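**Q** My structure is stored as my_file_16.txt, with compact mmCIF, C-alpha atoms and all ligand atoms.
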# COMPACT_ATOMS: atom_id res chain seq x y z
CA MET A 47 39.03 33.71 54.23
CA ASN A 48 35.45 34.77 54.91
CA ALA A 49 34.76 33.91 58.57
CA SER A 50 31.30 32.50 57.82
CA PRO A 51 31.04 31.34 54.22
CA PRO A 52 27.54 30.63 52.89
CA GLY A 53 28.40 27.00 52.16
CA LEU A 54 29.42 24.56 54.87
CA VAL A 55 32.80 22.86 55.03
CA PHE A 56 33.20 19.21 56.05
CA VAL A 57 36.67 17.90 56.77
CA VAL A 58 36.95 14.12 56.52
CA SER A 59 40.08 12.32 57.71
CA GLY A 60 40.87 8.70 58.25
CA PRO A 61 43.66 6.22 57.73
CA SER A 62 44.69 5.18 54.27
CA GLY A 63 42.43 2.22 53.43
CA SER A 64 39.60 3.30 55.74
CA GLY A 65 37.44 3.76 52.66
CA LYS A 66 37.33 7.56 52.49
CA SER A 67 37.33 7.79 48.71
CA THR A 68 34.48 5.31 48.23
CA LEU A 69 32.47 6.95 50.98
CA LEU A 70 32.95 10.43 49.57
CA ARG A 71 32.14 9.33 46.03
CA ARG A 72 28.85 7.87 47.26
CA VAL A 73 27.97 10.93 49.35
CA LEU A 74 28.74 13.29 46.45
CA ALA A 75 26.54 11.20 44.15
CA ALA A 76 23.71 11.27 46.70
CA ASP A 77 23.72 15.01 47.47
CA SER A 78 24.06 17.52 44.65
CA GLN A 79 24.57 20.42 47.08
CA VAL A 80 27.92 18.98 48.14
CA CYS A 81 31.09 19.18 46.10
CA PHE A 82 34.58 17.79 46.54
CA SER A 83 37.58 19.96 47.29
CA VAL A 84 40.24 18.87 44.79
CA SER A 85 43.63 18.92 46.53
CA HIS A 86 47.05 19.50 45.06
CA THR A 87 49.61 16.73 45.41
CA THR A 88 53.14 15.95 44.29
CA ARG A 89 52.50 12.20 44.19
CA ALA A 90 52.06 10.49 40.83
CA PRO A 91 48.54 9.66 39.66
CA ARG A 92 47.34 6.09 40.31
CA ALA A 93 45.70 4.14 37.53
CA GLY A 94 42.30 5.66 36.80
CA GLU A 95 42.96 8.94 38.61
CA VAL A 96 42.24 12.07 36.62
CA ASP A 97 44.01 15.43 36.95
CA GLY A 98 41.57 18.06 38.19
CA ARG A 99 39.03 15.48 39.37
CA ASP A 100 40.89 13.37 41.95
CA TYR A 101 43.80 15.74 42.53
CA TRP A 102 45.71 18.49 40.82
CA PHE A 103 48.95 16.63 40.15
CA VAL A 104 51.85 19.08 40.32
CA ASP A 105 55.61 18.90 40.72
CA GLU A 106 57.33 19.88 43.94
CA GLN A 107 58.50 23.23 42.61
CA ALA A 108 54.99 24.31 41.66
CA PHE A 109 53.72 23.11 45.03
CA ARG A 110 56.38 25.04 46.95
CA GLU A 111 55.76 28.19 44.91
CA ARG A 112 52.11 28.00 45.87
CA ILE A 113 53.09 27.64 49.54
CA GLU A 114 55.25 30.79 49.19
CA ARG A 115 52.33 32.69 47.69
CA GLY A 116 50.13 31.70 50.65
CA GLY A 117 47.92 29.79 48.25
CA PHE A 118 47.18 26.87 50.58
CA LEU A 119 44.74 26.86 53.49
CA GLU A 120 46.66 23.86 54.76
CA TRP A 121 49.31 21.50 53.51
CA ALA A 122 51.19 18.50 54.85
CA GLU A 123 53.72 15.89 53.91
CA TYR A 124 52.43 12.33 53.75
CA GLY A 125 54.38 9.25 52.67
CA GLY A 126 57.12 11.38 51.13
CA HIS A 127 54.73 13.51 49.07
CA LEU A 128 53.12 16.89 49.60
CA TYR A 129 49.36 17.40 49.77
CA GLY A 130 47.50 20.68 50.14
CA THR A 131 44.13 22.40 49.95
CA SER A 132 44.15 25.56 47.86
CA ARG A 133 42.11 28.58 48.90
CA GLU A 134 40.08 28.42 45.69
CA ALA A 135 39.08 24.81 46.34
CA ILE A 136 37.09 25.99 49.36
CA CYS A 137 36.26 29.65 48.74
CA GLU A 138 34.93 29.33 45.22
CA PRO A 139 32.22 26.68 45.87
CA THR A 140 31.24 27.98 49.33
CA ALA A 141 30.80 31.47 47.88
CA ARG A 142 28.31 29.92 45.45
CA GLY A 143 26.42 28.40 48.37
CA LEU A 144 27.67 24.86 47.85
CA ASP A 145 28.87 22.75 50.74
CA VAL A 146 32.37 21.35 50.35
CA ILE A 147 33.90 18.09 51.55
CA LEU A 148 37.65 17.86 51.99
CA GLU A 149 39.65 14.71 52.44
CA VAL A 150 42.80 15.47 54.43
CA GLU A 151 45.10 13.65 56.82
CA VAL A 152 45.23 14.70 60.48
CA GLN A 153 47.99 17.35 60.30
CA GLY A 154 46.09 19.20 57.61
CA ALA A 155 42.83 18.87 59.55
CA ALA A 156 44.53 20.41 62.59
CA GLN A 157 45.60 23.42 60.49
CA LEU A 158 42.04 23.81 59.18
CA ARG A 159 40.76 23.72 62.76
CA GLN A 160 42.57 27.04 63.20
CA SER A 161 41.60 28.71 59.93
CA LEU A 162 38.10 27.29 59.38
CA ALA A 163 36.74 27.24 62.90
CA GLU A 164 33.18 26.55 61.74
CA ALA A 165 34.02 23.50 59.65
CA VAL A 166 32.64 20.12 60.72
CA PHE A 167 35.31 17.48 61.38
CA VAL A 168 34.64 13.80 60.73
CA PHE A 169 37.02 10.89 61.28
CA LEU A 170 36.48 7.61 59.45
CA ILE A 171 37.89 4.42 60.93
CA PRO A 172 38.01 0.86 59.61
CA PRO A 173 36.38 -1.89 61.71
CA SER A 174 39.88 -3.11 62.71
CA LEU A 175 43.55 -2.77 61.84
CA ASP A 176 43.46 -6.24 60.25
CA VAL A 177 40.72 -5.14 57.88
CA LEU A 178 42.70 -2.01 57.09
CA GLU A 179 45.75 -4.10 56.20
CA GLN A 180 43.67 -6.40 53.98
CA ARG A 181 42.17 -3.40 52.18
CA LEU A 182 45.56 -1.78 51.60
CA ARG A 183 47.03 -5.00 50.24
CA GLY A 184 43.93 -5.81 48.19
CA ARG A 185 44.07 -2.42 46.51
CA GLY A 186 47.43 -3.42 45.03
CA THR A 187 48.41 0.18 44.34
CA GLU A 188 51.31 0.47 46.80
CA ASP A 189 54.44 -1.60 47.32
CA GLU A 190 55.25 -3.36 50.61
CA ASP A 191 57.34 -0.56 52.05
CA VAL A 192 54.62 2.02 51.46
CA ILE A 193 51.96 -0.31 52.91
CA CYS A 194 53.99 -0.84 56.10
CA LYS A 195 54.56 2.90 56.55
CA ARG A 196 50.88 3.62 55.97
CA LEU A 197 49.83 0.97 58.52
CA VAL A 198 52.11 2.46 61.18
CA ARG A 199 50.79 5.94 60.47
CA SER A 200 47.18 4.72 60.46
CA ARG A 201 47.55 3.20 63.90
CA GLU A 202 49.07 6.45 65.19
CA GLU A 203 46.24 8.51 63.72
CA ILE A 204 43.52 6.31 65.23
CA HIS A 205 45.31 6.38 68.59
CA LEU A 206 45.52 10.16 68.47
CA VAL A 207 41.81 10.55 67.84
CA PHE A 208 40.84 8.01 70.51
CA GLU A 209 43.11 9.50 73.15
CA ASP A 210 42.13 13.09 72.53
CA GLY A 211 38.41 12.68 72.99
CA ASP A 212 38.07 16.07 74.67
CA GLY A 213 39.69 17.80 71.76
CA ASP A 214 42.52 19.31 73.83
CA SER A 215 44.86 19.17 70.88
CA PRO A 216 43.72 20.31 67.43
CA LEU A 217 45.13 17.03 66.11
CA GLY A 218 42.41 14.95 67.67
CA SER A 219 39.44 17.27 67.72
CA TYR A 220 36.94 15.55 65.45
CA GLU A 221 33.27 15.98 66.32
CA TYR A 222 32.19 12.76 64.64
CA VAL A 223 33.70 9.30 64.21
CA ILE A 224 32.19 6.93 61.64
CA VAL A 225 33.10 3.24 61.71
CA ASN A 226 33.23 1.95 58.17
CA ASP A 227 32.18 -1.65 58.76
CA ASP A 228 29.25 -1.37 56.37
CA VAL A 229 29.67 1.13 53.57
CA ASP A 230 25.92 1.76 53.08
CA ARG A 231 25.56 2.65 56.74
CA ALA A 232 28.73 4.76 56.72
CA VAL A 233 27.37 6.71 53.73
CA ALA A 234 24.07 7.23 55.55
CA ASP A 235 25.96 8.37 58.66
CA LEU A 236 27.92 10.98 56.76
CA LEU A 237 24.79 12.21 54.96
CA HIS A 238 23.15 12.59 58.40
CA VAL A 239 26.09 14.65 59.63
CA VAL A 240 25.78 16.89 56.58
CA GLY A 241 22.02 17.20 57.03
CA ALA A 242 22.30 17.97 60.74
CA ALA A 243 24.92 20.68 60.15
CA ARG A 244 22.60 22.37 57.65
CA VAL A 245 19.88 22.76 60.27
CA ALA A 246 22.14 23.78 63.16
CA ARG A 247 20.37 26.56 65.05
CA GLN A 248 23.05 29.22 64.58
CA ARG A 249 23.13 28.70 60.85
CA VAL A 250 19.36 28.72 60.35
CA VAL A 251 18.88 31.75 62.60
CA ALA A 252 21.59 33.68 60.73
CA SER A 253 19.90 33.09 57.39
CA GLN A 254 16.28 33.47 58.60
CA ARG A 255 16.50 36.58 60.84
CA GLN A 256 15.85 39.02 58.05
CA HIS A 257 13.15 36.85 56.56
CA PHE A 258 11.21 37.05 59.83
CA GLY A 259 11.81 40.79 60.10
CA PHE A 260 14.12 40.59 63.15
CA ASP A 261 16.95 42.65 61.66
P1 LIG A 301 46.47 9.24 48.87
O1 LIG A 301 47.89 9.32 48.39
O2 LIG A 301 46.12 7.84 49.38
O3 LIG A 301 45.47 9.75 47.87
O4 LIG A 301 46.34 10.21 50.13
C1 LIG A 301 47.23 10.10 51.20
C2 LIG A 301 46.70 10.91 52.37
O5 LIG A 301 46.72 12.29 52.04
C3 LIG A 301 45.27 10.57 52.75
O6 LIG A 301 45.20 10.44 54.17
C4 LIG A 301 44.49 11.76 52.30
O7 LIG A 301 43.35 12.00 53.11
C5 LIG A 301 45.50 12.87 52.47
N1 LIG A 301 45.21 14.05 51.67
C6 LIG A 301 44.61 14.14 50.47
N2 LIG A 301 44.52 15.42 50.08
C7 LIG A 301 45.05 16.16 51.08
C8 LIG A 301 45.23 17.57 51.29
O8 LIG A 301 44.86 18.42 50.50
N3 LIG A 301 45.84 17.94 52.45
C9 LIG A 301 46.26 17.05 53.38
N4 LIG A 301 46.80 17.54 54.48
N5 LIG A 301 46.10 15.73 53.22
C10 LIG A 301 45.51 15.29 52.09
Render the structure in this file as structure tokens.
**A**
Amino acid sequence: MNASPPGLVFVVSGPSGSGKSTLLRRVLAADSQVCFSVSHTTRAPRAGEVDGRDYWFVDEQAFRERIERGGFLEWAEYGGHLYGTSREAICEPTARGLDVILEVEVQGAAQLRQSLAEAVFVFLIPPSLDVLEQRLRGRGTEDEDVICKRLVRSREEIHLVFEDGDGDSPLGSYEYVIVNDDVDRAVADLLHVVGAARVARQRVVASQRQHFGFD
């Protein structure tokens, strides 16, 4: 992996039902310089999901072969299924100068903390656990057992991020936390994070040095 790819990488995590997919869809529609990193997963597609757009839906054997080949920048098990970010999903767009947004759970984000040190990490939380539960049930895509497991895991993830405010453990080291109580504001918040990262001093200086004749 190129240590400083031309495009920026944004890693967004948050409990199931925190509204990540809606938020990302809106941000991608609002900013044409940002693209979505399509993950691989062994879970079955939900109604309306499209292979190659929402996920690459693969069987476990294909997933494990890709792990063996070192084809994932990170991967994790979630709810009995495997999820992973392929190298191409990040390297290909960033090499073309596009910024990439990934949606990964916290274990995967912790792995990316090691391999993509310059990525920007954002955690999305719901306004409350009650709201999260309502959203998960309202979605109607998972059965009761899955909903209960996801709620337990969501609480653990939020706890982890709250308790590790200093970023001692890679599991909790998110630079930004967005509360998704109002989706318009949450979208604006994430767009601000993206905009601010683009004008970070180090990044601008690196690209402008030559232009100003300082190299
Ligand atoms: P879902 O099944 O609801 O689409 O996703 C379940 C969880 O897997 C979510 O927390 C989502 O952010 C996470 N996820 C999606 N893609 C990836 C990935 O490539 N890697 C990891 N580690 N988690 C992912």
**Q** Under the rule that all atoms listed in the file are counted, which of A:Phe56, A:Tyr124, A:Trp102, A:Tyr129 is the nearest residue to A:Ile147?
**A**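 Closest candidate: A:Phe56.
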**Q** Throw together the list of residues within 10 Å of ligand LIG 301 (chain A), counting only C-alpha atoms and all ligand atoms, and drop it here as a VMD selection string.
**A** chain A and resid 57 to 64 66 to 67 83 to 92 95 100 to 102 118 to 132 135 148 to 158 182 187 to 188 196 199 to 200 203
**Q** Could you tell me how far atom CA of A:Cys81 sits from atom CA of A:Leu144, in Å to one decimal place?
**A**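 One can read the atom CA of A:Leu144 to atom CA of A:Cys81 distance as 6.9 Å.
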**Q** Find the distance between atom CA of A:Ala243 and atom CA of A:Phe82 and write it in Å to one decimal.
**A**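 Straight-line distance from atom CA of A:Ala243 to atom CA of A:Phe82 works out to 16.9 Å.
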**Q** Using atom CA of A:Asp228 and atom CA of A:Pro173 as the two end points, give the distance in Å to one decimal.
**A**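 About the pair atom CA of A:Asp228 and atom CA of A:Pro173: they are 8.9 Å apart.
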**Q** Go through A:Tyr220, A:Glu179, A:Glu202, A:Val168 and flag the residue nearest A:Leu70, using all atoms listed in the file for the distances.
**A**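 Among A:Tyr220, A:Glu179, A:Glu202, A:Val168, it is A:Val168 that comes nearest to A:Leu70.
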**Q** With only C-alpha atoms as the basis for distance, which of A:Asp235, A:Asp145, A:Asp227, A:Glu221 is at the shortest distance from A:Gly65?
**A** A:Asp227
**Q** Counting only C-alpha atoms, which of A:Ile193, A:Gln180, A:Gly53, A:Arg115 gets nearest to A:Arg142?
**A** A:Gly53
**Q** Closest to A:Gln79 among A:Leu237, A:Val251, A:Val166, A:Leu175, using all atoms listed in the file?
**A**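 Checking each of A:Leu237, A:Val251, A:Val166, A:Leu175 against A:Gln79, counting all atoms listed in the file, the winner is A:Leu237.
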**Q** How would you write as a short mmCIF file (atom, residue, chain, number, x, y, z; two decimals) with C-alpha atoms, keeping the file's coordinate frame the residues that get within 12 Å of (27.0, 8.1, 55.4) in the file's frame, counting all atoms listed in the file?
**A**
data_model
loop_
_atom_site.label_atom_id
_atom_site.label_comp_id
_atom_site.auth_asym_id
_atom_site.auth_seq_id
_atom_site.Cartn_x
_atom_site.Cartn_y
_atom_site.Cartn_z
CA VAL A 58 36.95 14.12 56.52
CA GLY A 65 37.44 3.76 52.66
CA LYS A 66 37.33 7.56 52.49
CA THR A 68 34.48 5.31 48.23
CA LEU A 69 32.47 6.95 50.98
CA LEU A 70 32.95 10.43 49.57
CA ARG A 71 32.14 9.33 46.03
CA ARG A 72 28.85 7.87 47.26
CA VAL A 73 27.97 10.93 49.35
CA LEU A 74 28.74 13.29 46.45
CA ALA A 75 26.54 11.20 44.15
CA ALA A 76 23.71 11.27 46.70
CA ASP A 77 23.72 15.01 47.47
CA VAL A 168 34.64 13.80 60.73
CA PHE A 169 37.02 10.89 61.28
CA LEU A 170 36.48 7.61 59.45
CA TYR A 222 32.19 12.76 64.64
CA VAL A 223 33.70 9.30 64.21
CA ILE A 224 32.19 6.93 61.64
CA VAL A 225 33.10 3.24 61.71
CA ASN A 226 33.23 1.95 58.17
CA ASP A 227 32.18 -1.65 58.76
CA ASP A 228 29.25 -1.37 56.37
CA VAL A 229 29.67 1.13 53.57
CA ASP A 230 25.92 1.76 53.08
CA ARG A 231 25.56 2.65 56.74
CA ALA A 232 28.73 4.76 56.72
CA VAL A 233 27.37 6.71 53.73
CA ALA A 234 24.07 7.23 55.55
CA ASP A 235 25.96 8.37 58.66
CA LEU A 236 27.92 10.98 56.76
CA LEU A 237 24.79 12.21 54.96
CA HIS A 238 23.15 12.59 58.40
CA VAL A 239 26.09 14.65 59.63
CA VAL A 240 25.78 16.89 56.58
CA GLY A 241 22.02 17.20 57.03
#
**Q** Which residue out of A:Arg181, A:Cys194, A:Gly117, A:Gly94 has the minimum interatomic distance to A:Cys137 when only C-alpha atoms are used?
**A**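 Closest to A:Cys137 of all the choices is A:Gly117.
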